[in-house]
Structures are given as C-alpha cells and as structure tokens.
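A short worksheet on the structure shown next.
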Amino acid sequence: MKKISILGSTGSIGTQTLDVVAMHPEAFEVEGLAAGSNTKLLLEQVRKFNPRRVSVATKELAEEIKSSLPEGVKLYSGKEGLTEVAAGGEADTVVTALVGSVGLQSTLAALEAGKHIGLANKETLVTAGHLVTELAARKGVKLLPVDSEHSAIFQCLNGENPKDVASITLTASGGSFRDYTRQELENVTVEQALRHPNWSMGAKITIDSATMVNKGLEVIEARWLFDLSYEQVHVLLHPESIIHSYVEFRDSSIVAQLGTPDMRVPIQYALTYPDRWESPAKRLSLSEIGKLTFKEMDFDRFPALRLAFECGRAGGTATTAYNAANEIAVARFLRGEIAFLHIEEIISEVLQRLEIVAYPNLEQIEHCDQTTRELAATL
Ligand SMILES: NC(=O)C1=CN([C@@H]2O[C@H](COP(=O)(O)OP(=O)(O)OC[C@H]3O[C@@H](n4cnc5c(N)ncnc54)[C@H](OP(=O)(O)O)[C@@H]3O)[C@@H](O)[C@H]2O)C=CC1
Ligand SMILES: CC(=O)[C@@H](O)[C@H](O)COP(=O)(O)O
Ligand SMILES: [Mn+2]
C-alpha cells in the first residue's frame, strides 16, 4: 500500500489525483488532505477516502467543519495545517497540487521529513528552485514531475545518460488566444481567457497559459528538475497538445512522449513510477488525428516568455519576483481590475524596480515574494 497526502485536494490536480486513487483502491491509502475553502468538497473526499489528517485555509473554516469530521481525524488550518499534512503522518508521497508560492514552506517541510514529492505546484520551483532541489538531493527523496511536459521529459530521459542530452523542447498549446494579434488582445475578457482549447484546469494556470507565463514557469521548472542550462531548454508551439514534450540527444535522435491530453496519466505515473498501470485515458490514434502542427515561438507576440528566460538567466530572486508579480496580476485580472495585457506589464515593471538578490536563502526569498506582491498590487 502506498500512502499519499495531497495538498490542494479540492482543485483540478487534487481531484484528478483522487480519481487515480479511486481507480486503484488496493494500491493507495490516503493519509492526508489539505484544501483551501471548498469545505463541501473536502468533506465528501473525507467520507470517501478516510484520511487521518485534514487541513483547511483558516481557523474559522476549521471551526465550521469540526463537528462534521469522523472521530479520530486530526484537523488543522492555515500554513501550519499545510505543513502538518505535508510532513506529519505516514505518507510516503506528497502530491503538491496547491496553486502558487503558498506551497513552498509545506513542500520544504515534506522534503525535510523525507517524503517523495509528486510535484504539480510549479510555482515552488520557480520561487526557490535551488532550495527545493538541494534539499531533495540531501534527503535522497524523489521530485517526480506531474506537469505534463515535465512528465514527458522525465519519461524520455528514463535510462539515458544525462551527459547525452543536447536539449529539451517543451511544447506549448498557445492557450486561449493563440491566434489573436497583440492588438486583438487589448479587449479580451476573463471569460474568454478561461477557455483553454485543450485542457480543463484551474483558473490561474488557464490564464498563465494564455499569457504564456505558464510556459515561462515551465522553462524554469525544467531547468531545476533536470539540471539543464537555459540554452538547453526550448519551446515550440504545438496547438494540438499531443506531443507533450521531447528530448534531443547528442547523436541527433529525438525521443518524444505522446498521448491524448489527460492529466490522470502524468499524475498516475508520478505515483507508480517506475511502473505503469492501466489508465482511463483515451488511446491516441495518430491515423484518426491525421496531422500534427508546429510553429516557431514568437517572443514578440508572447513577451512574458522572453521575460521568463531573462529572469532564469539572471537567477537569484529574479524568478521569485517573476512568479509573485504574476500571481498578483492574474488575481487582479480575474477580479476584473485590470486588462489582460496589463498582466505582463506588471511583471515587467516589477522586475525593473526590484533589486535582485543572488543565491538567496529562504528568508530572502520570502522577503522578495512579499515585497513583490505589495508592489504588484499597486501598479
Ligand atoms: N490543472 C492542471 O491540469 C495542471 C496544473 N498544474 C499546476 O498544479 C497546481 C494546481 O493547479 P490546479 O489544480 O489547476 O489549481 P486549482 O485552482 O484547481 O486548485 C488549487 C488548489 O489549491 C487549494 N488552495 C489554494 N490556496 C490555498 C491556501 N491558501 N491554502 C490551502 N489550499 C489552498 C485550493 O483549495 P480550494 O479550492 O478548496 O480553495 C485547491 O484545492 C498549479 O501549480 C498548476 O500550475 C500543472 C499542470 C496541469
Ligand atoms: C496540462 C499541463 O501540463 C498544463 O501546464 C498545460 O501545459 C497548459 O498548456 P499550455 O501552457 O501549453 O497552453
Ligand atoms: Mn504543463
């Protein structure tokens, strides 16, 4: 029996992780579930999966659900609650499915406690990649990618010598506005932005996909997960999201991972690695699809991606600021406070104003994250 805990169990990745668990009840046991404020869904999950530990975003929410929990379930709240679910108890693997850098402390706590990580929460690696990867290496625990592109690269690298890797290419769907000109982007609405062509995901990542910030975060995530230079990480537009990503080796061979877009496949692989199990994903028929299309990335059309490469190369707290500015800008866009194109302007403005700290420790990272948020809220 593999024991797992899920941070963000009520979200898109969290619920799909529980779908995977439900399909293999003989193999998985749920040790802990942490949610934000969707207590109704959390209580349903508690009844179905019998976790020993549960956490919600605030003390008030914990008070509200206390009497509805089965006897013996330990209830926590806030950041401490996330850490209790991540690091306490007997889980072997923690799936980090929180959205945003709020997941950093609990991910570090899980690593410190020797838990393997199924990593969906890419913002933690963008915020503090060196701290997370160093700690994982020191503790000898695995960081198993859940993000579809990174799972693809991980699968392509299986059994290969890292020295033989020439480059990796992350595919990008182009998001909700892939065929829009810059001018057409000026008046797009939140509702339009939330319509991703290929994937059904949480609101924040769907907006990130439309701005191409998602691919920027993924470039930085890949640098840390696979210990690559930014020169070795490429991005290619591939509207169909069938080739999830690929690796080019030094003999010019390319190995790619393909499949119909279904997150339950990479989630399950992170939980069963190195084994593969049956999954409910629709089988891919290339003859049915007929053709796949590709286009060179246009950095003028998607300046937020160029900015991500610049921050990655600058290092230190540059990527922390990139992520935090984006989190605030996306939240403001979703609340209808700013226009779509204002998101990338805020990120760019913040990066021009903030001083970058090289080789930051956790305290300096948290300081940068907080300062960036305050600044981004005013721009
Ligand atoms: N969705 C997808 O297909 C993919 C997602 N990812 C990455 O996975 C991560 C999760 O994305 P996704 O599932 O789409 O996001 P969702 O918005 O769907 O879910 C986010 C989860 O985090 C919880 N949460 C948010 N804030 C807090 C908080 N302060 N304390 C505790 N819990 C909190 C939410 O709880 P509640 O709803 O109860 O408030 C919810 O369970 C992101 O980093 C994303 O980039 C990567 C690849 C694909
Ligand atoms: C499913 C997944 O991994 C998302 O991160 C997805 O990649 C979003 O698609 P695009 O960012 O390519 O539009
Ligand atoms: Mn992805």
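Chain labels follow the order of the structure tokens: the first chain is A, the next B, and so on; residue numbering restarts at 1 in every chain, and ligands are counted from 1 in their shown order.
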Any chance you could tabulate, as a tab-separated table, the residues of chain A at most 8 Å from ligand 3 with each one's nearest atom pair and distance in Å to one decimal, using only C-alpha atoms and all ligand atoms, in chain and rising number order?
residue	atom	partner	partner_atom_place_in_ligand_line	distance
A:Asp147	CA	ligand 3	1 (Mn)	4.7
A:Ser148	CA	ligand 3	1 (Mn)	4.9
A:Glu149	CA	ligand 3	1 (Mn)	5.2
A:His150	CA	ligand 3	1 (Mn)	7.3
A:Asn214	CA	ligand 3	1 (Mn)	7.2
A:Lys215	CA	ligand 3	1 (Mn)	7.3
A:Glu218	CA	ligand 3	1 (Mn)	6.7
Residues from the last selection, C-alpha atoms, saved as a short mmCIF file (atom, residue, chain, number, x, y, z; two decimals), in the first residue's frame:
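Saved result, result35.cif, follows:
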data_model
loop_
_atom_site.label_atom_id
_atom_site.label_comp_id
_atom_site.auth_asym_id
_atom_site.auth_seq_id
_atom_site.Cartn_x
_atom_site.Cartn_y
_atom_site.Cartn_z
CA ASP A 147 3.20 18.75 -15.00
CA SER A 148 2.50 17.11 -18.38
CA GLU A 149 5.55 18.50 -20.20
CA HIS A 150 7.92 17.60 -17.38
CA ASN A 214 2.78 29.09 -17.87
CA LYS A 215 5.46 28.11 -20.38
CA GLU A 218 7.70 25.56 -17.01
#
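Surrounding range 294-301 of chain A within 9 Å are Thr171, Ala172, Thr181, Arg182, Val235, Leu236, Leu237, His238, Pro239, Glu240, Leu292, Pro303, Ala304, Leu305 and Arg306 of chain A, with only C-alpha atoms counted and residues fewer than 2 positions along the same chain left out.
What separates CA of Leu42 in chain A from CA of Val146 in chain A is a distance of 21.7 Å.
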Nearest to Gln192 in chain A among A:Glu344, A:Lys59, A:Leu334, A:Gln16, with distances taken over only C-alpha atoms: which residue is it? A:Leu334
Selection near range 99-113 of chain A, 8 Å with only C-alpha atoms, sequence-local residues under 4 positions removed, as a PyMOL selection string: chain A and resi 8+79+82-83+86-88+94+117+121-124+127-128+132+135-136+139+141+204+323-324+327
Residue set, range 182-303 of chain A restricted to alpha helix (DSSP H), as an NGL selection string: :A and (190-193 or 203-211 or 213-226 or 264-272 or 286-289 or 303)
Grab the residues selected above and save them as a PDB file, in the first residue's frame with C-alpha atoms.
ATOM      1  CA  VAL A 190     -11.862  36.987 -18.336  1.00  0.00           C
ATOM      2  CA  GLU A 191     -14.485  34.595 -19.655  1.00  0.00           C
ATOM      3  CA  GLN A 192     -12.673  34.259 -22.997  1.00  0.00           C
ATOM      4  CA  ALA A 193      -9.312  33.845 -21.284  1.00  0.00           C
ATOM      5  CA  ALA A 203      -8.347  29.432 -13.307  1.00  0.00           C
ATOM      6  CA  LYS A 204      -4.840  30.673 -12.532  1.00  0.00           C
ATOM      7  CA  ILE A 205      -2.959  28.236 -14.775  1.00  0.00           C
ATOM      8  CA  THR A 206      -5.503  28.768 -17.566  1.00  0.00           C
ATOM      9  CA  ILE A 207      -4.714  32.492 -17.562  1.00  0.00           C
ATOM     10  CA  ASP A 208      -0.982  31.685 -17.346  1.00  0.00           C
ATOM     11  CA  SER A 209      -1.364  29.557 -20.425  1.00  0.00           C
ATOM     12  CA  ALA A 210      -2.980  32.433 -22.331  1.00  0.00           C
ATOM     13  CA  THR A 211      -0.202  34.886 -21.393  1.00  0.00           C
ATOM     14  CA  VAL A 213       3.628  32.764 -18.407  1.00  0.00           C
ATOM     15  CA  ASN A 214       2.778  29.094 -17.868  1.00  0.00           C
ATOM     16  CA  LYS A 215       5.458  28.115 -20.375  1.00  0.00           C
ATOM     17  CA  GLY A 216       7.824  30.617 -18.746  1.00  0.00           C
ATOM     18  CA  LEU A 217       7.244  28.967 -15.363  1.00  0.00           C
ATOM     19  CA  GLU A 218       7.697  25.562 -17.014  1.00  0.00           C
ATOM     20  CA  VAL A 219      11.038  26.573 -18.568  1.00  0.00           C
ATOM     21  CA  ILE A 220      12.311  27.479 -15.096  1.00  0.00           C
ATOM     22  CA  GLU A 221      10.720  24.353 -13.600  1.00  0.00           C
ATOM     23  CA  ALA A 222      12.524  22.225 -16.221  1.00  0.00           C
ATOM     24  CA  ARG A 223      15.858  23.899 -15.535  1.00  0.00           C
ATOM     25  CA  TRP A 224      15.613  22.802 -11.899  1.00  0.00           C
ATOM     26  CA  LEU A 225      14.038  19.374 -12.347  1.00  0.00           C
ATOM     27  CA  PHE A 226      16.512  18.222 -14.997  1.00  0.00           C
ATOM     28  CA  ARG A 264      -4.516  11.481 -14.930  1.00  0.00           C
ATOM     29  CA  VAL A 265      -1.706   9.881 -16.944  1.00  0.00           C
ATOM     30  CA  PRO A 266       1.200  12.009 -15.610  1.00  0.00           C
ATOM     31  CA  ILE A 267      -0.378  12.093 -12.131  1.00  0.00           C
ATOM     32  CA  GLN A 268      -0.578   8.309 -12.051  1.00  0.00           C
ATOM     33  CA  TYR A 269       2.943   7.885 -13.406  1.00  0.00           C
ATOM     34  CA  ALA A 270       4.304  10.099 -10.606  1.00  0.00           C
ATOM     35  CA  LEU A 271       2.576   7.764  -8.138  1.00  0.00           C
ATOM     36  CA  THR A 272       3.513   4.434  -9.749  1.00  0.00           C
ATOM     37  CA  LEU A 286      -2.420   9.081 -34.942  1.00  0.00           C
ATOM     38  CA  SER A 287      -4.309   7.967 -38.036  1.00  0.00           C
ATOM     39  CA  GLU A 288      -7.508   9.459 -36.585  1.00  0.00           C
ATOM     40  CA  ILE A 289      -5.723  12.751 -35.904  1.00  0.00           C
ATOM     41  CA  PRO A 303       6.878  38.742 -24.292  1.00  0.00           C
TER      42      PRO A 303
END
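Closest approach to Phe309 in chain A among A:Glu248, A:Glu231, A:Asp92, A:Glu29 is made by A:Glu231 (distances from only C-alpha atoms).
Compared by their closest atoms to Glu63 in chain A, and using only C-alpha atoms, the residues A:Gln183, A:Asn50, A:Gln45, A:Thr39 rank with A:Thr39 nearest.
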Do you know which residues are at most 10 Å from Asn187 in chain A counting only C-alpha atoms, after dropping those on the same chain fewer than 6 positions away, and could you put them as a ChimeraX atom specification? /A:339-341
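Picture a line from CA of Lys74 in chain A to CA of Glu31 in chain A; it runs 10.7 Å.
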Could you check the closest approach to Pro274 in chain A for each of A:Ser12, A:Gln364, A:Gln257, A:Gln155 and tell me which residue wins, using only C-alpha atoms? A:Gln155
Near-Gly89 in chain A list (10 Å; only C-alpha atoms; drop same-chain fewer than 4 positions) as a count of residues only: 10
Filtered DSSP result for range 89-267 of chain A, state strand (DSSP E or B), as a PyMOL selection string: chain A and resi 93-96+116-119+143-145+165-172+233-237+243-249+254-258
With C-alpha atoms retained, export the selected residues as a PDB file, in the first residue's frame.
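And here's part.pdb as it stands now:
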ATOM      1  CA  THR A  93       4.493  10.592  -1.198  1.00  0.00           C
ATOM      2  CA  VAL A  94       3.020  14.075  -1.065  1.00  0.00           C
ATOM      3  CA  VAL A  95       1.282  15.427  -4.164  1.00  0.00           C
ATOM      4  CA  THR A  96       1.758  19.189  -4.193  1.00  0.00           C
ATOM      5  CA  HIS A 116       8.765  11.834  -2.034  1.00  0.00           C
ATOM      6  CA  ILE A 117       7.052  14.640  -3.929  1.00  0.00           C
ATOM      7  CA  GLY A 118       4.647  14.387  -6.858  1.00  0.00           C
ATOM      8  CA  LEU A 119       5.175  17.936  -7.985  1.00  0.00           C
ATOM      9  CA  LEU A 143      10.862  15.021  -7.080  1.00  0.00           C
ATOM     10  CA  LEU A 144       8.512  13.322  -9.530  1.00  0.00           C
ATOM     11  CA  PRO A 145       7.005  15.683 -12.102  1.00  0.00           C
ATOM     12  CA  VAL A 165      21.146  15.254 -23.623  1.00  0.00           C
ATOM     13  CA  ALA A 166      21.585  18.048 -26.174  1.00  0.00           C
ATOM     14  CA  SER A 167      18.343  19.907 -25.454  1.00  0.00           C
ATOM     15  CA  ILE A 168      14.740  19.526 -24.411  1.00  0.00           C
ATOM     16  CA  THR A 169      11.715  21.096 -26.091  1.00  0.00           C
ATOM     17  CA  LEU A 170       8.586  21.959 -24.153  1.00  0.00           C
ATOM     18  CA  THR A 171       5.502  22.139 -26.323  1.00  0.00           C
ATOM     19  CA  ALA A 172       3.022  24.992 -25.835  1.00  0.00           C
ATOM     20  CA  VAL A 233      15.526  24.461 -22.929  1.00  0.00           C
ATOM     21  CA  HIS A 234      13.420  25.298 -25.993  1.00  0.00           C
ATOM     22  CA  VAL A 235       9.725  25.995 -26.515  1.00  0.00           C
ATOM     23  CA  LEU A 236       7.701  25.084 -29.595  1.00  0.00           C
ATOM     24  CA  LEU A 237       4.103  25.966 -30.406  1.00  0.00           C
ATOM     25  CA  ILE A 243       3.319  15.637 -28.218  1.00  0.00           C
ATOM     26  CA  HIS A 244       3.709  16.597 -24.576  1.00  0.00           C
ATOM     27  CA  SER A 245       7.438  17.406 -24.963  1.00  0.00           C
ATOM     28  CA  TYR A 246      10.636  15.842 -26.299  1.00  0.00           C
ATOM     29  CA  VAL A 247      14.370  15.414 -25.796  1.00  0.00           C
ATOM     30  CA  GLU A 248      17.090  15.704 -28.423  1.00  0.00           C
ATOM     31  CA  PHE A 249      20.225  13.651 -27.718  1.00  0.00           C
ATOM     32  CA  ILE A 254      14.739  12.759 -30.720  1.00  0.00           C
ATOM     33  CA  VAL A 255      12.603  10.913 -28.179  1.00  0.00           C
ATOM     34  CA  ALA A 256       9.111  12.311 -27.584  1.00  0.00           C
ATOM     35  CA  GLN A 257       6.195  11.372 -25.324  1.00  0.00           C
ATOM     36  CA  LEU A 258       2.711  11.480 -26.879  1.00  0.00           C
TER      37      LEU A 258
END
Show me, as number ranges by chain, the residues that have an atom within 10 Å of Arg373 in chain A when counting only C-alpha atoms, minus same-chain residues fewer than 3 positions from it. A: 321, 323-329, 350, 367-370, 376-378
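As for atom 35 (O, counted along the ligand's line) of ligand 1 and CA of His24 in chain A, they are spaced 23.9 Å apart.
In this comparison, which uses only C-alpha atoms and all ligand atoms, the residue of A:Gly290, A:Pro51, A:Gly175, A:Pro162 approaching ligand 2 most closely is A:Gly175.
For the set A:Gly315, A:Glu184, A:Ser241, A:Thr189, the residue with the smallest atom-to-atom gap to Arg335 in chain A is A:Thr189, counting only C-alpha atoms.
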